[in-house]
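> Before we start, here is the structure in question, set down as structure tokens.
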Amino acid sequence: QVQLVESGGGLVQPGGSLNLSCAASGGTFDYYAIGWFRQAPGKEREGVGCINSSGDTPYYTDSVKGRFTISRDNAKNTAYLQMNSLKPEDTAVYYCATDRAHWSGCRTIATFYIHWGQGTQVTVST
């Protein structure tokens with residue numbers, strides 16, 4: 001069973017950057033797409049973006065497009081979420097997850113993901 005551990009969260013000022021990591025163990029990391037999600041207090045979990053198993057086709061939701069970059073290094077069993085130009089509304093707990101199926105693309109609907117990390121807090125504030 002795949003286990004995921006996110007890291008790299010913290011407190012950053014508006015306009016700043018953070019690079020989150022998602023380290024995987026216990027499974028075939030390079031077989032599945034990775035999704036990134038976030039959940040702010042009092043709000044539902046939302047998809048941020050995803051990357052397919054081979055790492056050549058990332059996808060971003062409109063709210064982060066142009067500011068966030070998703071990548072993965074299958075040799076290191078790690079995925080990344082580079083976040084630039086952060087805004088206060090990006091404040092949330094960020095999660096990575098593995099798709100429950102093997103296919104060529106990726107998607108940002110949480111119900112399609114089976115293994116989740118514990119999350120890492122990102123706070124954007126002055």
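Residue numbering restarts at 1 in every chain; chains get A, B, ... in the order shown in the structure tokens, and ligands count up from 1 in that same order.
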Please provide the set of residues having any atom within 8 Å of region 61-65 of chain A, restricted to only C-alpha atoms, with same-chain residues fewer than 5 positions apart removed, written as a PyMOL selection string.

chain A and resi 47-49

> Could you pull out the strand (DSSP E) residues of chain A, going by DSSP on the backbone, and write them as an MDAnalysis selection string?

chainID A and resid 3:7 10:12 18:25 34:39 46:51 58:60 68:73 78:83 92:99 113:116 120:124

> Separation of CA of Ser54 (chain A) and CA of Arg38 (chain A), in Å?

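Between CA of Ser54 (chain A) and CA of Arg38 (chain A) the gap works out to 23.0 Å.
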
> What is the CA of Thr108 (chain A) to CA of Leu11 (chain A) distance in Å?

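So the answer is 25.3 Å.
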
> Which neighbours of region 71-84 of chain A fall inside 6 Å, counting only C-alpha atoms, when residues of the same chain fewer than 5 positions from it are skipped, and could you give them as a PyMOL selection string?

chain A and resi 17-24+29-30+55

> Could those residues be written to a file, using all heavy atoms, as a PDB file, in the first residue's frame?


```pdb
ATOM      1  N   SER A  17       6.766  32.452  -2.062  1.00  0.00           N
ATOM      2  CA  SER A  17       6.775  31.129  -2.691  1.00  0.00           C
ATOM      3  C   SER A  17       7.008  30.034  -1.665  1.00  0.00           C
ATOM      4  O   SER A  17       7.652  30.262  -0.628  1.00  0.00           O
ATOM      5  CB  SER A  17       7.883  31.055  -3.748  1.00  0.00           C
ATOM      6  OG  SER A  17       7.686  31.983  -4.775  1.00  0.00           O
ATOM      7  N   LEU A  18       6.496  28.862  -1.985  1.00  0.00           N
ATOM      8  CA  LEU A  18       6.769  27.645  -1.224  1.00  0.00           C
ATOM      9  C   LEU A  18       6.843  26.492  -2.208  1.00  0.00           C
ATOM     10  O   LEU A  18       6.171  26.509  -3.251  1.00  0.00           O
ATOM     11  CB  LEU A  18       5.665  27.360  -0.198  1.00  0.00           C
ATOM     12  CG  LEU A  18       5.639  28.177   1.087  1.00  0.00           C
ATOM     13  CD1 LEU A  18       4.386  27.842   1.892  1.00  0.00           C
ATOM     14  CD2 LEU A  18       6.884  27.938   1.928  1.00  0.00           C
ATOM     15  N   ASN A  19       7.624  25.486  -1.844  1.00  0.00           N
ATOM     16  CA  ASN A  19       7.716  24.280  -2.661  1.00  0.00           C
ATOM     17  C   ASN A  19       7.354  23.079  -1.792  1.00  0.00           C
ATOM     18  O   ASN A  19       8.098  22.731  -0.874  1.00  0.00           O
ATOM     19  CB  ASN A  19       9.122  24.114  -3.232  1.00  0.00           C
ATOM     20  CG  ASN A  19       9.206  23.003  -4.256  1.00  0.00           C
ATOM     21  OD1 ASN A  19       8.199  22.629  -4.862  1.00  0.00           O
ATOM     22  ND2 ASN A  19      10.393  22.455  -4.447  1.00  0.00           N
ATOM     23  N   LEU A  20       6.208  22.499  -2.075  1.00  0.00           N
ATOM     24  CA  LEU A  20       5.766  21.338  -1.319  1.00  0.00           C
ATOM     25  C   LEU A  20       6.286  20.063  -1.964  1.00  0.00           C
ATOM     26  O   LEU A  20       6.383  19.967  -3.191  1.00  0.00           O
ATOM     27  CB  LEU A  20       4.241  21.283  -1.254  1.00  0.00           C
ATOM     28  CG  LEU A  20       3.524  22.522  -0.717  1.00  0.00           C
ATOM     29  CD1 LEU A  20       2.029  22.250  -0.613  1.00  0.00           C
ATOM     30  CD2 LEU A  20       4.099  22.975   0.597  1.00  0.00           C
ATOM     31  N   SER A  21       6.585  19.085  -1.127  1.00  0.00           N
ATOM     32  CA  SER A  21       7.003  17.771  -1.609  1.00  0.00           C
ATOM     33  C   SER A  21       6.013  16.721  -1.149  1.00  0.00           C
ATOM     34  O   SER A  21       5.384  16.858  -0.098  1.00  0.00           O
ATOM     35  CB  SER A  21       8.394  17.434  -1.072  1.00  0.00           C
ATOM     36  OG  SER A  21       9.372  18.313  -1.557  1.00  0.00           O
ATOM     37  N   CYS A  22       5.917  15.674  -1.918  1.00  0.00           N
ATOM     38  CA  CYS A  22       5.050  14.540  -1.603  1.00  0.00           C
ATOM     39  C   CYS A  22       5.886  13.285  -1.824  1.00  0.00           C
ATOM     40  O   CYS A  22       6.108  12.876  -2.976  1.00  0.00           O
ATOM     41  CB  CYS A  22       3.824  14.554  -2.506  1.00  0.00           C
ATOM     42  SG  CYS A  22       2.778  13.086  -2.416  1.00  0.00           S
ATOM     43  N   ALA A  23       6.371  12.714  -0.739  1.00  0.00           N
ATOM     44  CA  ALA A  23       7.242  11.547  -0.817  1.00  0.00           C
ATOM     45  C   ALA A  23       6.424  10.282  -0.646  1.00  0.00           C
ATOM     46  O   ALA A  23       5.634  10.166   0.293  1.00  0.00           O
ATOM     47  CB  ALA A  23       8.320  11.628   0.251  1.00  0.00           C
ATOM     48  N   ALA A  24       6.638   9.330  -1.535  1.00  0.00           N
ATOM     49  CA  ALA A  24       5.869   8.089  -1.520  1.00  0.00           C
ATOM     50  C   ALA A  24       6.737   6.901  -1.143  1.00  0.00           C
ATOM     51  O   ALA A  24       7.939   6.866  -1.444  1.00  0.00           O
ATOM     52  CB  ALA A  24       5.250   7.856  -2.883  1.00  0.00           C
ATOM     53  N   PHE A  29       5.042   3.925  -7.293  1.00  0.00           N
ATOM     54  CA  PHE A  29       4.743   5.354  -7.405  1.00  0.00           C
ATOM     55  C   PHE A  29       4.535   5.782  -8.842  1.00  0.00           C
ATOM     56  O   PHE A  29       3.636   6.560  -9.152  1.00  0.00           O
ATOM     57  CB  PHE A  29       5.892   6.141  -6.772  1.00  0.00           C
ATOM     58  CG  PHE A  29       5.764   7.627  -6.889  1.00  0.00           C
ATOM     59  CD1 PHE A  29       4.893   8.319  -6.060  1.00  0.00           C
ATOM     60  CD2 PHE A  29       6.529   8.345  -7.798  1.00  0.00           C
ATOM     61  CE1 PHE A  29       4.773   9.702  -6.150  1.00  0.00           C
ATOM     62  CE2 PHE A  29       6.417   9.726  -7.889  1.00  0.00           C
ATOM     63  CZ  PHE A  29       5.538  10.401  -7.067  1.00  0.00           C
ATOM     64  N   ASP A  30       5.364   5.276  -9.751  1.00  0.00           N
ATOM     65  CA  ASP A  30       5.324   5.779 -11.116  1.00  0.00           C
ATOM     66  C   ASP A  30       4.185   5.204 -11.943  1.00  0.00           C
ATOM     67  O   ASP A  30       4.085   5.485 -13.137  1.00  0.00           O
ATOM     68  CB  ASP A  30       6.673   5.527 -11.807  1.00  0.00           C
ATOM     69  CG  ASP A  30       7.041   4.052 -11.853  1.00  0.00           C
ATOM     70  OD1 ASP A  30       6.293   3.225 -11.270  1.00  0.00           O
ATOM     71  OD2 ASP A  30       8.082   3.730 -12.451  1.00  0.00           O
ATOM     72  N   GLY A  55       4.584  12.025 -15.909  1.00  0.00           N
ATOM     73  CA  GLY A  55       5.059  13.341 -15.533  1.00  0.00           C
ATOM     74  C   GLY A  55       5.128  14.357 -16.648  1.00  0.00           C
ATOM     75  O   GLY A  55       5.669  15.448 -16.458  1.00  0.00           O
TER      76      GLY A  55
END
```
